[in-house]
Structure formats: structure tokens, C-alpha cells
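Colleague: For reference, the structure I am asking about is given below.
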Amino acid sequence: MKDLTLSQLEQTRLHLLNSVLEYQLPVIQAAEIMGASERHAWRLLAAYRREGAAAFAHPNRGLQTTQHDLRRRGESGGQPASTAYAGANHTHLTELLKERELIVLSRPTVRRILSRAGIPSPRDRRPGKHQVRRQWMPQAGKLVQIDGSFHR
């Protein structure tokens with residue numbers, strides 16, 4: 001649900017567009033007062049007619065609180081990773097949260113929240129394989145070049 005508390009700028013735009021709709025002010029003057037182009041004023045007016053005052057609030061408004069709530073749940077010990085989904089790696093936990101809890105987060109976000117809460121990934125990582133290199137030849141030209149073709 002969007003937070004419909006409008007800022008001062010959004011309230012001014014709402015007042016100006018109401019004046020345009022009541023034929024008290026032309027769109028060009030409203031755009032000048034808003035500090036926007038005429039095209040943007042028409043775009044705002046169309047969105048206002050379509051969605052009402054909610055058109056002025058940015059679509060991402062209120063999304064950050066979901067991450068803060070999850071982080072707070074993780075720090076307080078109510079984290080699903082340490083209880084219900086213990087043993088799931090970051091990718092699997094992201095998929096489980098999406099399926100069962102209806103919480104849509106990216107894998108890096110889940111990893112960041114869990115690492116801040118002190119919960120490591122349960123996956124054991126293998127050490128890298130050491131490559132055995134040939135011995136260096138002390139003189140130039142000592143490395144023998146062998147051609148494997150059957151031609152002379």
C-alpha cells in the first residue's frame with residue numbers, strides 16, 4: 001500500500017493541476033510555475049485524471065520499509081533462515097521466501113541481510129585446485145618443440 005502523504009512539491013502540483021482542471025489556469029502557466037516542461041505537465045495531468053492524488057507519489061515509495069522490516073526481524077532472531085529454513089543457501093532461501101512467505105527480494109539482498117545478522121551461508125566451498133606448472137628451463141632453446149603431424 002502506498003503512503004499517500006504528499007510532500008510540499010506534490011501538494012503544489014496537485015493544487016496547480018486542480019486549477020487547470022477548473023479552467024482557472026492554462027497548462028503552459030502551470031508548467032512554468034511547477035518548473036517543468038509543458039509536455040511533462042500534460043503527462044502529470046493525464047496521470048492525475050487516471051489515478052488521482054496517488055499519481056504524484058513515486059511507485060517505489062514504501063518499498064524500503066519492507067527491507068527494513070526484514071532486517072529488523074533478522075536482527076531480533078525471528079529470521080526464517082535460522083529457524084524454518086535452516087540449511088538453505090542464499091539462492092534457495094530467496095526462492096522459498098518468494099513461494100511461501102510472498103516476500104520478493106533479490107539474492108544479493110538476502111545475502112546482505114543474512115551476513116549483517118551474522119548468519120553465514122551453509123554451503124561449503126571447495127578450495128581452488130593448484131595447477132602444477134612445468135619446471136623452468138635454465139637456458140634458452142632447451143624446450144623441445146614436438147610436432148605430432150605425420151607430414152615431413
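How things are named: the first chain in the C-alpha cells is A, the next is B, and so on; residues count from 1 in each chain; ligands count from 1 in the order shown.
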List the neighbours of Val110 (chain A) out to 8 Å using only C-alpha atoms; skip same-chain residues closer than 3 positions along the sequence, and give me the result as an MDAnalysis selection string.
Modeller: chainID A and resid 90 93:94 105:107 113:114
Colleague: My list of candidates is A:Arg61, A:Arg13, A:Arg43, A:Lys129. Which is closest to Ala30 (chain A) when distances are computed with only C-alpha atoms?
Modeller: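 For Ala30 (chain A), the nearest of the given residues is A:Arg13.
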Colleague: To one decimal in Å, tell me the separation between CA of Pro108 (chain A) and CA of Leu96 (chain A).
Modeller: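 Between these atoms lies a distance of 14.9 Å.
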Colleague: I'd like the neighbourhood of Pro120 (chain A) as a PDB file with C-alpha atoms, in the first residue's frame, where a residue qualifies if any of its atoms comes within 12 Å (using only C-alpha atoms), though same-chain residues fewer than 2 positions away should be ignored.
Modeller:
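Output saved as part-v5.pdb:
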```pdb
ATOM      1  CA  ALA A  81      16.863 -18.548   7.738  1.00  0.00           C
ATOM      2  CA  SER A  82      17.789 -19.554  11.274  1.00  0.00           C
ATOM      3  CA  ALA A  86      17.809 -23.535   8.350  1.00  0.00           C
ATOM      4  CA  GLY A  87      20.280 -25.163   5.967  1.00  0.00           C
ATOM      5  CA  ALA A  88      19.045 -23.378   2.849  1.00  0.00           C
ATOM      6  CA  ASN A  89      21.647 -21.431   0.909  1.00  0.00           C
ATOM      7  CA  HIS A  90      21.016 -17.853  -0.218  1.00  0.00           C
ATOM      8  CA  VAL A 110      19.039 -11.775   1.123  1.00  0.00           C
ATOM      9  CA  ARG A 111      22.796 -12.378   1.367  1.00  0.00           C
ATOM     10  CA  ARG A 112      23.382  -8.843   2.685  1.00  0.00           C
ATOM     11  CA  ILE A 113      20.626  -9.132   5.313  1.00  0.00           C
ATOM     12  CA  LEU A 114      21.863 -12.539   6.480  1.00  0.00           C
ATOM     13  CA  SER A 115      25.512 -11.500   6.646  1.00  0.00           C
ATOM     14  CA  ARG A 116      24.601  -8.429   8.723  1.00  0.00           C
ATOM     15  CA  ALA A 117      22.622 -10.692  11.045  1.00  0.00           C
ATOM     16  CA  GLY A 118      25.669 -12.962  11.377  1.00  0.00           C
ATOM     17  CA  PRO A 122      25.619 -23.175   4.876  1.00  0.00           C
ATOM     18  CA  ARG A 123      27.309 -24.096   1.601  1.00  0.00           C
ATOM     19  CA  ASP A 124      30.858 -25.404   1.975  1.00  0.00           C
TER      20      ASP A 124
END
```
Colleague: What separation in Å, quoted to one decimal, exists between CA of Glu51 (chain A) and CA of Ile103 (chain A)?
Modeller: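 Taking CA of Glu51 (chain A) as the start and CA of Ile103 (chain A) as the end point, the length is 26.0 Å.
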Colleague: Quick one: residues within 7 Å of Val27 (chain A), only C-alpha atoms, excluding same-chain residues fewer than 3 positions away - as JSON, numbers by chain?
Modeller: {"A": [20, 30, 31, 38, 41]}
Colleague: With C-alpha atoms retained, export the selected residues as a PDB file, in the first residue's frame.
Modeller:
```
ATOM      1  CA  VAL A  20      -6.042  23.603 -14.650  1.00  0.00           C
ATOM      2  CA  ALA A  30       1.024  25.701 -14.597  1.00  0.00           C
ATOM      3  CA  ALA A  31       4.109  24.111 -16.179  1.00  0.00           C
ATOM      4  CA  GLU A  38       4.546  21.681 -20.971  1.00  0.00           C
ATOM      5  CA  ALA A  41       2.604  18.982 -17.236  1.00  0.00           C
TER       6      ALA A  41
END
```
Colleague: Got a sec: who's within 8 Å of Phe56 (chain A), counting only C-alpha atoms, leaving out chain neighbours fewer than 3 positions off, as a short mmCIF file (atom, residue, chain, number, x, y, z; two decimals) with C-alpha atoms, in the first residue's frame?
Modeller:
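Contents of the output file around.cif:
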```cif
data_model
loop_
_atom_site.label_atom_id
_atom_site.label_comp_id
_atom_site.auth_asym_id
_atom_site.auth_seq_id
_atom_site.Cartn_x
_atom_site.Cartn_y
_atom_site.Cartn_z
CA LEU A 6 2.27 14.16 -0.16
CA GLU A 10 3.47 17.25 -4.67
CA LEU A 14 -1.92 18.91 -7.02
CA LEU A 44 1.11 14.73 -14.91
CA TYR A 48 -3.83 12.68 -12.14
CA ALA A 53 -3.60 12.07 -5.99
#
```
Colleague: Would you return as a VMD selection string the members of region 5-149 of chain A that DSSP assigns to alpha helix (DSSP H) on this structure's backbone?
Modeller: chain A and resid 8 to 21 27 to 34 38 to 51 64 to 75 90 to 96 107 to 116
